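Colleague: Input structure: entry_14.cif, which contains mmCIF, C-alpha atoms and all ligand atoms.
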```
data_input
#
loop_
_atom_site.group_PDB
_atom_site.id
_atom_site.type_symbol
_atom_site.label_atom_id
_atom_site.label_comp_id
_atom_site.auth_asym_id
_atom_site.auth_seq_id
_atom_site.Cartn_x
_atom_site.Cartn_y
_atom_site.Cartn_z
ATOM 1 C CA MET A 1 108.709 96.665 51.175
ATOM 2 C CA PRO A 2 107.351 97.889 54.530
ATOM 3 C CA ALA A 3 106.717 95.238 57.140
ATOM 4 C CA SER A 4 103.055 94.406 57.620
ATOM 5 C CA THR A 5 101.455 95.967 60.662
ATOM 6 C CA SER A 6 98.591 93.508 60.891
ATOM 7 C CA SER A 7 98.160 89.754 61.098
ATOM 8 C CA ASP A 8 95.473 87.145 60.683
ATOM 9 C CA LEU A 9 95.021 85.184 63.840
ATOM 10 C CA THR A 10 92.685 82.701 65.427
ATOM 11 C CA LEU A 11 91.611 83.240 69.001
ATOM 12 C CA SER A 12 90.055 80.496 71.064
ATOM 13 C CA VAL A 13 87.538 82.145 73.382
ATOM 14 C CA ASN A 14 85.261 80.183 75.683
ATOM 15 C CA GLY A 15 85.803 77.066 73.595
ATOM 16 C CA GLU A 16 84.973 78.730 70.288
ATOM 17 C CA LYS A 17 87.431 79.707 67.543
ATOM 18 C CA PHE A 18 87.380 83.183 66.006
ATOM 19 C CA THR A 19 89.527 84.226 63.056
ATOM 20 C CA LEU A 20 90.226 87.911 62.611
ATOM 21 C CA THR A 21 92.770 90.342 61.232
ATOM 22 C CA VAL A 22 94.208 92.691 63.803
ATOM 23 C CA ASP A 23 96.715 95.490 63.961
ATOM 24 C CA HIS A 24 99.670 94.163 65.915
ATOM 25 C CA ARG A 25 99.114 96.827 68.574
ATOM 26 C CA THR A 26 95.577 95.644 69.345
ATOM 27 C CA THR A 27 95.223 94.501 72.918
ATOM 28 C CA LEU A 28 93.344 91.352 73.774
ATOM 29 C CA LEU A 29 90.866 93.565 75.639
ATOM 30 C CA ASP A 30 90.076 95.624 72.533
ATOM 31 C CA ALA A 31 89.930 92.515 70.348
ATOM 32 C CA LEU A 32 87.365 90.973 72.707
ATOM 33 C CA ARG A 33 85.262 94.087 73.136
ATOM 34 C CA GLU A 34 85.556 95.860 69.792
ATOM 35 C CA ARG A 35 85.997 92.994 67.379
ATOM 36 C CA LEU A 36 84.230 90.037 68.969
ATOM 37 C CA ASP A 37 81.482 92.026 70.733
ATOM 38 C CA MET A 38 82.291 90.353 74.030
ATOM 39 C CA THR A 39 81.756 93.352 76.245
ATOM 40 C CA GLY A 40 81.557 91.431 79.511
ATOM 41 C CA THR A 41 85.262 92.074 80.009
ATOM 42 C CA LYS A 42 85.487 95.690 81.172
ATOM 43 C CA LYS A 43 87.958 98.460 80.468
ATOM 44 C CA GLY A 44 88.753 100.494 83.551
ATOM 45 C CA CYS A 45 92.230 102.003 83.506
ATOM 46 C CA ASP A 46 93.578 100.393 80.312
ATOM 47 C CA GLN A 47 97.004 100.283 81.940
ATOM 48 C CA GLY A 48 97.097 97.223 84.140
ATOM 49 C CA GLN A 49 96.139 98.841 87.408
ATOM 50 C CA CYS A 50 92.494 98.051 88.151
ATOM 51 C CA GLY A 51 91.862 94.417 87.181
ATOM 52 C CA ALA A 52 88.498 95.193 85.504
ATOM 53 C CA CYS A 53 89.716 93.468 82.326
ATOM 54 C CA THR A 54 90.829 90.231 84.013
ATOM 55 C CA VAL A 55 90.336 87.102 81.909
ATOM 56 C CA LEU A 56 91.778 83.615 82.203
ATOM 57 C CA LEU A 57 94.515 82.532 79.804
ATOM 58 C CA ASP A 58 94.979 78.792 80.001
ATOM 59 C CA GLY A 59 93.315 79.048 83.409
ATOM 60 C CA ARG A 60 95.682 81.702 84.758
ATOM 61 C CA ARG A 61 94.702 85.292 85.467
ATOM 62 C CA SER A 62 95.718 87.921 82.967
ATOM 63 C CA VAL A 63 94.814 91.571 82.550
ATOM 64 C CA ALA A 64 93.646 91.721 78.943
ATOM 65 C CA CYS A 65 94.592 95.397 78.540
ATOM 66 C CA LEU A 66 98.280 94.506 78.857
ATOM 67 C CA GLN A 67 98.107 91.458 76.619
ATOM 68 C CA LEU A 68 98.458 91.800 72.868
ATOM 69 C CA ALA A 69 95.840 89.886 70.914
ATOM 70 C CA VAL A 70 98.525 88.342 68.706
ATOM 71 C CA ALA A 71 100.218 86.926 71.808
ATOM 72 C CA ALA A 72 97.021 85.203 72.885
ATOM 73 C CA GLU A 73 96.829 83.023 69.804
ATOM 74 C CA GLY A 74 97.098 79.350 70.674
ATOM 75 C CA ARG A 75 95.940 79.887 74.241
ATOM 76 C CA GLU A 76 92.525 79.150 75.706
ATOM 77 C CA ILE A 77 90.893 82.431 76.661
ATOM 78 C CA THR A 78 88.058 82.353 79.175
ATOM 79 C CA THR A 79 85.970 85.464 79.727
ATOM 80 C CA ILE A 80 83.047 86.109 82.026
ATOM 81 C CA GLU A 81 80.744 85.053 79.175
ATOM 82 C CA GLY A 82 82.217 81.564 79.371
ATOM 83 C CA VAL A 83 82.351 80.693 83.066
ATOM 84 C CA ALA A 84 78.750 79.519 83.578
ATOM 85 C CA ASP A 85 77.730 75.972 82.750
ATOM 86 C CA GLY A 86 74.839 76.694 80.404
ATOM 87 C CA GLU A 87 72.038 78.124 82.544
ATOM 88 C CA ARG A 88 73.870 77.162 85.729
ATOM 89 C CA LEU A 89 75.992 79.972 87.122
ATOM 90 C CA HIS A 90 79.539 79.265 88.201
ATOM 91 C CA PRO A 91 79.704 78.906 92.020
ATOM 92 C CA VAL A 92 81.665 82.167 92.175
ATOM 93 C CA GLN A 93 79.003 83.984 90.145
ATOM 94 C CA GLN A 94 76.270 82.553 92.361
ATOM 95 C CA ALA A 95 78.097 83.576 95.517
ATOM 96 C CA PHE A 96 78.558 87.149 94.262
ATOM 97 C CA LEU A 97 74.845 87.260 93.455
ATOM 98 C CA ASP A 98 73.687 85.755 96.750
ATOM 99 C CA LEU A 99 75.998 87.834 98.938
ATOM 100 C CA ASP A 100 75.753 91.143 97.056
ATOM 101 C CA GLY A 101 79.395 91.100 96.005
ATOM 102 C CA PHE A 102 78.881 94.177 93.845
ATOM 103 C CA GLN A 103 77.169 97.514 93.605
ATOM 104 C CA CYS A 104 77.458 99.045 90.114
ATOM 105 C CA GLY A 105 78.877 95.781 88.774
ATOM 106 C CA TYR A 106 81.570 97.312 86.594
ATOM 107 C CA CYS A 107 84.450 95.549 88.310
ATOM 108 C CA THR A 108 82.492 92.328 88.786
ATOM 109 C CA PRO A 109 83.458 90.339 85.668
ATOM 110 C CA GLY A 110 87.119 90.897 86.503
ATOM 111 C CA GLN A 111 86.553 90.119 90.179
ATOM 112 C CA ILE A 112 84.817 86.862 89.304
ATOM 113 C CA CYS A 113 87.451 85.714 86.794
ATOM 114 C CA SER A 114 90.127 86.575 89.316
ATOM 115 C CA ALA A 115 88.333 84.759 92.127
ATOM 116 C CA ILE A 116 87.980 81.610 90.038
ATOM 117 C CA ALA A 117 91.738 81.536 89.584
ATOM 118 C CA VAL A 118 92.395 82.498 93.210
ATOM 119 C CA ILE A 119 90.430 79.490 94.423
ATOM 120 C CA GLU A 120 92.384 77.186 92.114
ATOM 121 C CA GLU A 121 95.747 78.753 92.989
ATOM 122 C CA HIS A 122 94.976 78.379 96.681
ATOM 123 C CA ALA A 123 93.820 74.770 96.326
ATOM 124 C CA ALA A 124 97.046 74.017 94.443
ATOM 125 C CA GLY A 125 99.008 75.273 97.451
ATOM 126 C CA TRP A 126 100.312 78.533 96.025
ATOM 127 C CA PRO A 127 101.300 80.878 98.836
ATOM 128 C CA SER A 128 100.512 84.586 98.846
ATOM 129 C CA ALA A 129 102.246 87.534 100.496
ATOM 130 C CA ALA A 130 99.867 87.003 103.424
ATOM 131 C CA THR A 131 100.827 83.342 103.929
ATOM 132 C CA GLY A 132 102.698 82.694 107.163
ATOM 133 C CA ASP A 133 104.205 79.293 106.391
ATOM 134 C CA VAL A 134 105.267 79.120 102.739
ATOM 135 C CA ARG A 135 106.968 75.701 102.895
ATOM 136 C CA PRO A 136 105.466 73.440 100.204
ATOM 137 C CA GLU A 137 104.879 70.687 102.768
ATOM 138 C CA ALA A 138 102.715 73.086 104.806
ATOM 139 C CA GLY A 139 99.998 72.819 102.138
ATOM 140 C CA PRO A 140 97.391 75.460 101.370
ATOM 141 C CA PRO A 141 97.009 77.989 104.198
ATOM 142 C CA PRO A 142 93.527 78.612 105.634
ATOM 143 C CA LEU A 143 91.712 80.871 103.191
ATOM 144 C CA THR A 144 91.226 83.653 105.717
ATOM 145 C CA PRO A 145 89.778 87.060 104.818
ATOM 146 C CA GLU A 146 93.348 88.371 104.930
ATOM 147 C CA GLU A 147 94.469 85.723 102.404
ATOM 148 C CA ILE A 148 91.527 86.527 100.147
ATOM 149 C CA ARG A 149 92.126 90.270 100.343
ATOM 150 C CA GLU A 150 95.780 89.799 99.436
ATOM 151 C CA ARG A 151 95.068 87.383 96.588
ATOM 152 C CA MET A 152 92.318 89.636 95.188
ATOM 153 C CA SER A 153 94.308 92.840 95.658
ATOM 154 C CA GLY A 154 94.821 93.329 91.919
ATOM 155 C CA ASN A 155 91.098 93.883 91.461
ATOM 156 C CA LEU A 156 89.898 97.302 92.539
ATOM 157 C CA CYS A 157 86.274 98.189 93.223
ATOM 158 C CA ARG A 158 85.392 101.852 93.010
ATOM 159 C CA CYS A 159 82.137 101.150 94.862
ATOM 160 C CA GLY A 160 84.041 99.663 97.779
ATOM 161 C CA ALA A 161 82.099 96.383 97.833
ATOM 162 C CA TYR A 162 85.117 94.631 99.281
ATOM 163 C CA VAL A 163 83.472 93.217 102.411
ATOM 164 C CA SER A 164 80.895 91.298 100.365
ATOM 165 C CA ILE A 165 83.444 90.328 97.719
ATOM 166 C CA VAL A 166 85.621 88.660 100.354
ATOM 167 C CA GLN A 167 82.601 86.824 101.754
ATOM 168 C CA ALA A 168 81.569 85.674 98.274
ATOM 169 C CA VAL A 169 85.033 84.348 97.458
ATOM 170 C CA ALA A 170 85.176 82.527 100.805
ATOM 171 C CA ARG A 171 81.802 80.888 100.235
ATOM 172 C CA ALA A 172 82.613 79.854 96.670
ATOM 173 C CA ALA A 173 85.940 78.390 97.840
ATOM 174 C CA GLU A 174 84.141 76.361 100.511
ATOM 175 C CA GLU A 175 81.615 75.076 98.005
ATOM 176 C CA THR A 176 84.270 74.203 95.469
ATOM 177 C CA LYS A 177 86.197 72.316 98.136
ATOM 178 C CA GLY A 178 83.027 70.455 99.125
ATOM 179 C CA ALA A 179 82.293 69.553 95.516
ATOM 180 C CA ALA A 180 85.840 68.251 94.981
ATOM 181 C CA ALA A 181 85.821 66.147 98.173
HETATM 182 S S1 LIG B 1 91.547 97.894 82.347
HETATM 183 FE FE1 LIG B 1 93.063 96.385 82.450
HETATM 184 S S2 LIG B 1 93.850 96.544 84.467
HETATM 185 FE FE2 LIG B 1 92.457 98.216 84.296
HETATM 186 S S1 LIG B 2 80.832 97.136 92.105
HETATM 187 FE FE1 LIG B 2 81.135 99.116 91.270
HETATM 188 S S2 LIG B 2 83.236 99.100 90.814
HETATM 189 FE FE2 LIG B 2 82.974 97.313 91.946
#
```
Could you write out this file's structure as structure tokens?
Ligand code: FES
Ligand code: FES

Modeller:
Amino acid sequence: MPASTSSDLTLSVNGEKFTLTVDHRTTLLDALRERLDMTGTKKGCDQGQCGACTVLLDGRRSVACLQLAVAAEGREITTIEGVADGERLHPVQQAFLDLDGFQCGYCTPGQICSAIAVIEEHAAGWPSAATGDVRPEAGPPPLTPEEIRERMSGNLCRCGAYVSIVQAVARAAEETKGAAA
């Protein structure tokens, strides 16, 4: 008897459970866009190079085009559709809006999901390749434009809106820090 090539699975997306049957080769990106009609997560390269499909898996960044849907079962998936608090935009969304952190907007959902995780990773003291002093006791480095550029380097923007993106991430990080204090 040939092995089955599809499985039933339950995905938890933005706090809601969805049960579906997928071919084992279906990526999380295609499951979100084609099966669950969540088209906020964008497909750019479909090979892990542009970051347009970035979502959060258990709060960590993941490019959904390289993640199989079956491997995402049991994890909490957050997409751009789920980052706002009801009518209230997430501080990162608001900062992108206020500071024009986009032009065509195609890369923006991925940029925003990535930035949300960047701010948390930085606050937790994770160093980046741009961090001078990586000793744990040194604590989080100043979130300079260089740090932000390095930490956001997996998210490409074909419109070249990088200057505003860096400013938006910096402002959202400041606000988040203020809110946590
Ligand atoms: S579409 Fe996934 S990284 Fe480009
Ligand atoms: S705003 Fe157009 S790709 Fe980034």

Colleague: One decimal, Å: what's the distance from atom CA of A:Val169 over to atom CA of A:Leu32, could you say?

Modeller: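 Separating atom CA of A:Val169 from atom CA of A:Leu32 is a distance of 25.7 Å.
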
Colleague: Assuming the chain letters and numbering stay as they are in my file, what does the PyMOL selection byres (((chain A and resi 163) around 10) and not hetatm) actually select? List them as a list in words.

Modeller: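 Against this file, the PyMOL selection byres (((chain A and resi 163) around 10) and not hetatm) returns the residues Leu99, Asp100, Gly101, Phe102, Pro145, Arg149, Gly160, Ala161, Tyr162, Ser164, Ile165, Val166, Gln167 and Ala168 of chain A.
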
Colleague: Store the residues picked out above, limited to C-alpha atoms, as a compact mmCIF listing (two decimals), keeping the file's coordinate frame.

Modeller:
```
# COMPACT_ATOMS: atom_id res chain seq x y z
CA LEU A 99 76.00 87.83 98.94
CA ASP A 100 75.75 91.14 97.06
CA GLY A 101 79.40 91.10 96.00
CA PHE A 102 78.88 94.18 93.84
CA PRO A 145 89.78 87.06 104.82
CA ARG A 149 92.13 90.27 100.34
CA GLY A 160 84.04 99.66 97.78
CA ALA A 161 82.10 96.38 97.83
CA TYR A 162 85.12 94.63 99.28
CA SER A 164 80.90 91.30 100.36
CA ILE A 165 83.44 90.33 97.72
CA VAL A 166 85.62 88.66 100.35
CA GLN A 167 82.60 86.82 101.75
CA ALA A 168 81.57 85.67 98.27
```

Colleague: Counting only C-alpha atoms and all ligand atoms, which of A:Gly105, A:Gly51, A:Gly40, A:Gly59 gets nearest to ligand LIG 2 (chain B)?

Modeller: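 When distances to ligand LIG 2 (chain B) are compared using only C-alpha atoms and all ligand atoms, the smallest one comes from A:Gly105.
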
Colleague: Which residues would end up in the selection if the PyMOL selection byres (((chain A and resi 6) around 6) and not hetatm) were applied here, given that I need the answer as a ChimeraX atom specification?

Modeller: /A:4-5,7,22-24

Colleague: Once you add 4 Å to each side, what are the centre and edge lengths of the axis-aligned box holding all listed atoms of ligand LIG 2 (chain B)? One decimal in Å, as JSON, if you can.

Modeller:
```
{"center_x": 82.0, "center_y": 98.1, "center_z": 91.5, "size_x": 10.4, "size_y": 10.0, "size_z": 9.3}
```

Colleague: Between A:Ala179, A:Ala31, A:Ala71, A:Leu97, which has the minimum distance to ligand LIG 2 (chain B) (counting only C-alpha atoms and all ligand atoms)?

Modeller: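 Going through A:Ala179, A:Ala31, A:Ala71, A:Leu97 one by one, the smallest distance to ligand LIG 2 (chain B) is for A:Leu97.
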
Colleague: What are the closest atom pairs, with distances in Å to one decimal, for each residue of chain A lying within 6 Å of ligand LIG 2 (chain B), using all atoms listed in the file, rows by chain and rising residue number, as JSON lines?

Modeller:
```
{"residue": "A:Phe102", "atom": "CA", "partner": "B:LIG2", "partner_atom": "S1", "distance": 3.9}
{"residue": "A:Gln103", "atom": "CA", "partner": "B:LIG2", "partner_atom": "S1", "distance": 4.0}
{"residue": "A:Cys104", "atom": "CA", "partner": "B:LIG2", "partner_atom": "FE1", "distance": 3.9}
{"residue": "A:Gly105", "atom": "CA", "partner": "B:LIG2", "partner_atom": "S1", "distance": 4.1}
{"residue": "A:Tyr106", "atom": "CA", "partner": "B:LIG2", "partner_atom": "S2", "distance": 4.9}
{"residue": "A:Cys107", "atom": "CA", "partner": "B:LIG2", "partner_atom": "FE2", "distance": 4.3}
{"residue": "A:Thr108", "atom": "CA", "partner": "B:LIG2", "partner_atom": "FE2", "distance": 5.9}
{"residue": "A:Cys157", "atom": "CA", "partner": "B:LIG2", "partner_atom": "FE2", "distance": 3.6}
{"residue": "A:Arg158", "atom": "CA", "partner": "B:LIG2", "partner_atom": "S2", "distance": 4.1}
{"residue": "A:Cys159", "atom": "CA", "partner": "B:LIG2", "partner_atom": "FE1", "distance": 4.2}
{"residue": "A:Ala161", "atom": "CA", "partner": "B:LIG2", "partner_atom": "S1", "distance": 5.9}
```

Colleague: Please produce a file of those selected residues containing C-alpha atoms, as an mmCIF file, in the coordinates of the input.

Modeller:
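And here's result_14.cif as it stands now:
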```cif
data_model
loop_
_atom_site.group_PDB
_atom_site.id
_atom_site.type_symbol
_atom_site.label_atom_id
_atom_site.label_comp_id
_atom_site.auth_asym_id
_atom_site.auth_seq_id
_atom_site.Cartn_x
_atom_site.Cartn_y
_atom_site.Cartn_z
ATOM 1 C CA PHE A 102 78.881 94.177 93.845
ATOM 2 C CA GLN A 103 77.169 97.514 93.605
ATOM 3 C CA CYS A 104 77.458 99.045 90.114
ATOM 4 C CA GLY A 105 78.877 95.781 88.774
ATOM 5 C CA TYR A 106 81.570 97.312 86.594
ATOM 6 C CA CYS A 107 84.450 95.549 88.310
ATOM 7 C CA THR A 108 82.492 92.328 88.786
ATOM 8 C CA CYS A 157 86.274 98.189 93.223
ATOM 9 C CA ARG A 158 85.392 101.852 93.010
ATOM 10 C CA CYS A 159 82.137 101.150 94.862
ATOM 11 C CA ALA A 161 82.099 96.383 97.833
#
```

Colleague: Between A:Thr176, A:Thr26, A:Asn155, A:Gln47, which is the closest to A:Gly110 once you count all atoms listed in the file?

Modeller: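 For A:Gly110, the nearest of the given residues is A:Asn155.
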
Colleague: When distances are computed from all atoms listed in the file, which of A:Gly139, A:Gly132, A:Pro127, A:Gly44 shows the smallest separation from ligand LIG 1 (chain B)?

Modeller: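 Distance minimum relative to ligand LIG 1 (chain B) lands on A:Gly44.
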
Colleague: Translate the PyMOL selection byres (((not hetatm)) within 7 of (chain B and resi 1)), as applied to the file shown, into an explicit residue set as an NGL selection string.

Modeller: :A and (42-54 or 63-66)

Colleague: One decimal, in Å: what's the spacing between atom CA of A:Val92 and atom CA of A:Ile116?

Modeller: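 A separation of 6.7 Å between them.
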